[in-house]
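Novice: What follows is a single structure, and I will ask about it in a moment.
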Amino acid sequence: MVATACNFKSRCDKDMDTLSGYAMCLPNLTRLQTYRFVEHRPILCIEIKPKCGFIPFSSHVSQEIKHKVCRYCMHQHLKVANGKWKRPSKYCPLDLFSGNKQRMHFALKSLLQEAQNNLKIFKNGELIYGCKDDQECVSDWNELARHLKPFFFPSNGLVSGPHCTRTIVKELIHVITMTLLSSTDACRAGDMKTVPVSQGRSYCEASAFNKELVRNGKHKLESSGLPKDCLLYKTLQAQMLDMLDIEGLYPLYTRVEQYLEEFPEERSTLQIDGPYNEAFYEKLLDLSTEDDGTIAFALTKVQQYRIAMTAKDCSIMISLSPCLQDECSEQRPVVLASKSRFTFSVSVLDLDLKPYESIPHQYKLDGKIVNYYLKNVQAKDDPVMSSLFKENEDCTLVLHKV
Ligand SMILES: O=P(O)(O)O[C@@H]1[C@@H](OP(=O)(O)O)[C@H](OP(=O)(O)O)[C@H](O)[C@H](OP(=O)(O)O)[C@H]1OP(=O)(O)O
Ligand SMILES: Nc1ncnc2c1ncn2[C@@H]1O[C@H](COP(=O)(O)OP(=O)(O)OP(=O)(O)O)[C@@H](O)[C@H]1O
């Protein structure tokens, strides 16, 4: 539980484990003043909760739709039906994680249109855009542009008109894209072997970007791929430790549970609840998916899944502070906008490991999300879209000798 969480009223009711004996003291990233930022300079901070950026590739997946539509896009419909949000978002994590600038631009614009709990913008520590809680959201683009104008166009008149607002928003999206694709070598992924990102499909059929392409007769979605040293790539790698999908993982969790029922004293030796030290980390290096029927295999997959869940729910904080050309040195990463430049830092928030006990909940929720989508969305889906997809699948170019 973070002390800075007092930005959000809904968090005042959160329970703190005062008996744990531990507390984390983090710098306030929305006001961060490090060597990178010149003191008293204004700071802009963009918080993005990107959610899961890949489509499950596991053979344990029982419903074909999970290989086509990503969890975020399916979950949107259940969230709207449950009243968590008023409208579905056009954001699709696969667009953000594609590394393709056009798709990333669309994803970020969609986040700005419907921020939900996936986007917040702070100026000098104050929330200026996004949701304070489920009820209270600030989402006026003109107001946002008014706040951002001095950052992006420091020496150029007043903001007026929709054209100017759009220009400023475009500048913001460009800067966010560049920082997300920038190298974060200081934050190394350790010795973890990488999961091939080519596994699974690289786009989601429900993405509005994808649908638009199909409507325009194009059906080749580009995924330029992420640079291996950027934070999005590292986050995606951690998310992809979920190699079996919850459907393949749940039986392994049950195996661990049965073992613990028989040998409850083993719970601490197996490090179910930590400590999350070197020994714990060592056991996670095995990425094989061949089940040899052992408790060791089951436990490794369960712990890898918990890491993946954590990475699927973490937030990325991008802090930006304007700098003049002669202030920029090689030590500070700099991102350029058309009429300004910023020193920046990119950090990850909310990395406390998801609890072992949440796995049955994940399993049930997965079923609910998919069933809701199949019954209420796919069944009623736009017949024109379905036939377009079908046409594209059936479209085979046959070459005859002449
Ligand atoms: O399951 P999801 O994908 O809905 O994620 C939950 C989040 O909902 P979201 O979909 O981002 O609106 C949910 O976000 P909110 O608190 O609703 O903003 C939490 O982050 C939750 O984590 P925890 O159980 O509080 O540790 C998240 O639960 P975990 O699944 O990460 O445990
Ligand atoms: N170091 C930080 N600097 C600035 N803001 C932060 C920082 N850490 C967290 N926040 C803000 O507080 C919010 C909640 O953070 P986080 O989810 O890590 O808290 P938590 O107490 O672990 O809550 P939960 O138990 O719901 O996950 C974040 O979305 C972010 O807006």
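Labels used: A, B, ... for chains in the order of the structure tokens, numbers from 1 for residues in each chain, and numbers from 1 for ligands as shown.
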Identify, on the basis of only C-alpha atoms, every residue whose closest approach to Ile316 in chain A does not exceed 7 Å; exclude the query and any residue fewer than 3 positions from it along the same chain; express the result as a PDB file with N, CA, C and O atoms, in the first residue's frame.

Specialist:
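To be explicit, this is the file written out as part24.pdb:
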```
ATOM      1  N   GLU A  47       0.595   8.275 -16.353  1.00  0.00           N
ATOM      2  CA  GLU A  47       0.541   6.915 -15.807  1.00  0.00           C
ATOM      3  C   GLU A  47      -0.317   6.059 -16.735  1.00  0.00           C
ATOM      4  O   GLU A  47      -1.468   6.387 -17.011  1.00  0.00           O
ATOM      5  N   ILE A  48       0.261   4.963 -17.198  1.00  0.00           N
ATOM      6  CA  ILE A  48      -0.493   4.063 -18.089  1.00  0.00           C
ATOM      7  C   ILE A  48      -0.517   2.670 -17.492  1.00  0.00           C
ATOM      8  O   ILE A  48       0.523   2.126 -17.112  1.00  0.00           O
ATOM      9  N   LYS A  49      -1.718   2.111 -17.379  1.00  0.00           N
ATOM     10  CA  LYS A  49      -1.849   0.712 -16.951  1.00  0.00           C
ATOM     11  C   LYS A  49      -2.165  -0.059 -18.225  1.00  0.00           C
ATOM     12  O   LYS A  49      -3.313  -0.093 -18.663  1.00  0.00           O
ATOM     13  N   VAL A 346      11.248   6.717 -17.062  1.00  0.00           N
ATOM     14  CA  VAL A 346      10.146   5.758 -17.183  1.00  0.00           C
ATOM     15  C   VAL A 346      10.282   4.753 -16.042  1.00  0.00           C
ATOM     16  O   VAL A 346      11.354   4.182 -15.845  1.00  0.00           O
ATOM     17  N   SER A 347       9.233   4.583 -15.251  1.00  0.00           N
ATOM     18  CA  SER A 347       9.293   3.658 -14.103  1.00  0.00           C
ATOM     19  C   SER A 347       8.074   2.732 -14.116  1.00  0.00           C
ATOM     20  O   SER A 347       7.091   2.999 -14.796  1.00  0.00           O
ATOM     21  N   VAL A 348       8.172   1.679 -13.319  1.00  0.00           N
ATOM     22  CA  VAL A 348       7.047   0.741 -13.220  1.00  0.00           C
ATOM     23  C   VAL A 348       6.521   0.750 -11.794  1.00  0.00           C
ATOM     24  O   VAL A 348       7.293   0.766 -10.838  1.00  0.00           O
ATOM     25  N   LEU A 349       5.203   0.741 -11.668  1.00  0.00           N
ATOM     26  CA  LEU A 349       4.552   0.775 -10.349  1.00  0.00           C
ATOM     27  C   LEU A 349       3.740  -0.480 -10.094  1.00  0.00           C
ATOM     28  O   LEU A 349       3.276  -1.103 -11.042  1.00  0.00           O
TER      29      LEU A 349
END
```

Novice: Within 8 Å of ligand 1, counting only C-alpha atoms and all ligand atoms, which protein or nucleic acid residues do you find, written as a list in words?

Specialist: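 Answer in the requested format: Lys49, Lys51, Tyr72, His75, Lys79, Gln116, Asn117, Asn118, Met309, Thr310, Lys312, Asp313, Cys314, Lys354, Pro355, Ser358, Gln362 and Leu365 of chain A.
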
Novice: Excluding same-chain residues fewer than 2 positions from Ala337 in chain A, what lies within 12 Å of it counting only C-alpha atoms, as a count of residues only?

Specialist: 27

Novice: Restrict the calculation to only C-alpha atoms, then for each residue of range 70-154 of chain A with any atom at most 12 Å from an atom of range 232-255 of chain A give the closest atom pair and their distance in Å to one decimal, rows by chain and rising residue number, as CSV.

Specialist:
```
residue,atom,partner,partner_atom,distance
A:Arg71,CA,A:Asp245,CA,11.3
A:Pro93,CA,A:Leu236,CA,10.4
A:Leu94,CA,A:Leu236,CA,10.2
A:Asp95,CA,A:Leu232,CA,11.7
A:Leu96,CA,A:Leu232,CA,8.7
A:Phe97,CA,A:Leu232,CA,6.5
A:Ser98,CA,A:Leu232,CA,9.5
A:Gly99,CA,A:Leu232,CA,8.8
A:Met104,CA,A:Leu232,CA,11.4
```

Novice: Residues of range 179-329 of chain A in alpha helix (DSSP H) according to DSSP, as a VMD selection string?

Specialist: chain A and resid 179 to 181 208 to 215 231 to 239 245 to 262 278 to 282 295 to 312

Novice: Please determine, counting only C-alpha atoms, which residue among A:Glu257, A:Pro42, A:Asn376, A:Cys25 has the shortest atom-to-atom distance to Pro150 in chain A.

Specialist: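 Closest candidate: A:Pro42.
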
Novice: For CA of Cys137 in chain A and atom 29 (O, counted along the ligand's line) of ligand 2, determine how far apart the two atoms are, in Å to one decimal place.

Specialist: 14.2 Å

Novice: Nearest to Pro88 in chain A among A:Ser62, A:Gln102, A:Ser110, A:Thr289, with distances taken over only C-alpha atoms: which residue is it?

Specialist: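 Of all the options, A:Ser110 lies closest to Pro88 in chain A.
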
Novice: Determine the nearest neighbour of ligand 2 from the options A:Leu119, A:Leu213, A:Ala206, A:Cys164, counting only C-alpha atoms and all ligand atoms.

Specialist: A:Leu119

Novice: Return the single residue from A:Ser321, A:Ser315, A:Asn156, A:Gln378 that is closest to His40 in chain A, with distances computed using only C-alpha atoms.

Specialist: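 Selected residue with least distance to His40 in chain A: A:Ser321.
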
Novice: For each of A:Phe280, A:Tyr129, A:Tyr373, A:Tyr203, take the minimum atom-to-atom distance to ligand 2, counting only C-alpha atoms and all ligand atoms, then give the residue where this is smallest.

Specialist: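 Nearest to ligand 2: A:Tyr129.
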
Novice: Which residues are near Val138 in chain A? Cut-off 9 Å, only C-alpha atoms, ignore same chain within fewer than 2 positions. Put them as an mmCIF file with all heavy atoms, in the first residue's frame.

Specialist:
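The resulting file, selection_13.cif, is reproduced below:
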```cif
data_model
loop_
_atom_site.group_PDB
_atom_site.id
_atom_site.type_symbol
_atom_site.label_atom_id
_atom_site.label_comp_id
_atom_site.auth_asym_id
_atom_site.auth_seq_id
_atom_site.Cartn_x
_atom_site.Cartn_y
_atom_site.Cartn_z
ATOM 1 N N LEU A 127 -3.543 15.615 -10.271
ATOM 2 C CA LEU A 127 -4.204 14.913 -11.371
ATOM 3 C C LEU A 127 -4.916 15.931 -12.276
ATOM 4 O O LEU A 127 -5.771 16.677 -11.803
ATOM 5 C CB LEU A 127 -5.226 13.914 -10.818
ATOM 6 C CG LEU A 127 -5.890 13.029 -11.863
ATOM 7 C CD1 LEU A 127 -5.012 11.838 -12.210
ATOM 8 C CD2 LEU A 127 -7.244 12.543 -11.395
ATOM 9 N N ILE A 128 -4.548 15.979 -13.556
ATOM 10 C CA ILE A 128 -5.231 16.918 -14.471
ATOM 11 C C ILE A 128 -6.051 16.191 -15.521
ATOM 12 O O ILE A 128 -6.808 16.809 -16.270
ATOM 13 C CB ILE A 128 -4.241 17.896 -15.164
ATOM 14 C CG1 ILE A 128 -3.152 17.117 -15.919
ATOM 15 C CG2 ILE A 128 -3.646 18.898 -14.188
ATOM 16 C CD1 ILE A 128 -2.459 17.963 -16.980
ATOM 17 N N TYR A 129 -5.868 14.871 -15.613
ATOM 18 C CA TYR A 129 -6.647 14.120 -16.594
ATOM 19 C C TYR A 129 -6.769 12.673 -16.141
ATOM 20 O O TYR A 129 -5.810 12.084 -15.659
ATOM 21 C CB TYR A 129 -5.951 14.162 -17.964
ATOM 22 C CG TYR A 129 -6.875 13.807 -19.093
ATOM 23 C CD1 TYR A 129 -7.723 14.744 -19.655
ATOM 24 C CD2 TYR A 129 -6.930 12.496 -19.579
ATOM 25 C CE1 TYR A 129 -8.599 14.409 -20.680
ATOM 26 C CE2 TYR A 129 -7.802 12.153 -20.598
ATOM 27 C CZ TYR A 129 -8.627 13.115 -21.144
ATOM 28 O OH TYR A 129 -9.503 12.783 -22.155
ATOM 29 N N GLY A 130 -7.980 12.103 -16.300
ATOM 30 C CA GLY A 130 -8.192 10.704 -15.915
ATOM 31 C C GLY A 130 -9.131 10.610 -14.730
ATOM 32 O O GLY A 130 -9.692 11.616 -14.283
ATOM 33 N N CYS A 131 -9.293 9.389 -14.219
ATOM 34 C CA CYS A 131 -10.292 9.153 -13.173
ATOM 35 C C CYS A 131 -9.676 9.195 -11.788
ATOM 36 O O CYS A 131 -8.684 8.516 -11.522
ATOM 37 C CB CYS A 131 -10.956 7.801 -13.391
ATOM 38 S SG CYS A 131 -11.881 7.762 -14.933
ATOM 39 N N LYS A 132 -10.309 10.008 -10.919
ATOM 40 C CA LYS A 132 -9.892 10.034 -9.520
ATOM 41 C C LYS A 132 -10.376 8.755 -8.868
ATOM 42 O O LYS A 132 -9.713 8.166 -8.050
ATOM 43 C CB LYS A 132 -10.497 11.234 -8.803
ATOM 44 C CG LYS A 132 -9.825 12.518 -9.179
ATOM 45 C CD LYS A 132 -10.189 13.647 -8.238
ATOM 46 C CE LYS A 132 -9.424 14.892 -8.621
ATOM 47 N NZ LYS A 132 -10.239 16.038 -8.929
ATOM 48 N N GLU A 136 -15.539 9.880 -10.448
ATOM 49 C CA GLU A 136 -15.092 11.216 -10.813
ATOM 50 C C GLU A 136 -13.961 11.187 -11.836
ATOM 51 O O GLU A 136 -12.850 10.738 -11.529
ATOM 52 C CB GLU A 136 -14.591 11.893 -9.519
ATOM 53 C CG GLU A 136 -14.903 13.364 -9.462
ATOM 54 C CD GLU A 136 -14.279 13.985 -8.226
ATOM 55 O OE1 GLU A 136 -14.278 13.349 -7.163
ATOM 56 O OE2 GLU A 136 -13.791 15.117 -8.365
ATOM 57 N N ASP A 140 -11.717 16.447 -20.247
ATOM 58 C CA ASP A 140 -11.961 17.496 -21.238
ATOM 59 C C ASP A 140 -10.647 17.791 -21.981
ATOM 60 O O ASP A 140 -9.673 18.264 -21.389
ATOM 61 C CB ASP A 140 -12.478 18.741 -20.476
ATOM 62 C CG ASP A 140 -12.747 19.908 -21.403
ATOM 63 O OD1 ASP A 140 -12.216 19.893 -22.536
ATOM 64 O OD2 ASP A 140 -13.470 20.831 -20.996
ATOM 65 N N LEU A 144 -7.280 19.883 -20.982
ATOM 66 C CA LEU A 144 -5.969 19.205 -20.995
ATOM 67 C C LEU A 144 -4.977 20.015 -21.831
ATOM 68 O O LEU A 144 -3.842 20.257 -21.410
ATOM 69 C CB LEU A 144 -6.127 17.790 -21.570
ATOM 70 C CG LEU A 144 -4.834 16.996 -21.751
ATOM 71 C CD1 LEU A 144 -4.196 16.654 -20.399
ATOM 72 C CD2 LEU A 144 -5.064 15.704 -22.534
#
```

Novice: When you look at Met74 in chain A with a cut-off of 12 Å (counting only C-alpha atoms), what residues show up, excluding the ones that are within fewer than 6 positions of it in the same chain? I need them as a PyMOL selection string.

Specialist: chain A and resi 52+55+65-68+80-81+88-93+204-207+365-378

Novice: Which distance in Å separates CA of Ile318 in chain A and CA of Leu111 in chain A, to one decimal?

Specialist: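 Computing the Euclidean distance for CA of Ile318 in chain A and CA of Leu111 in chain A yields 15.0 Å.
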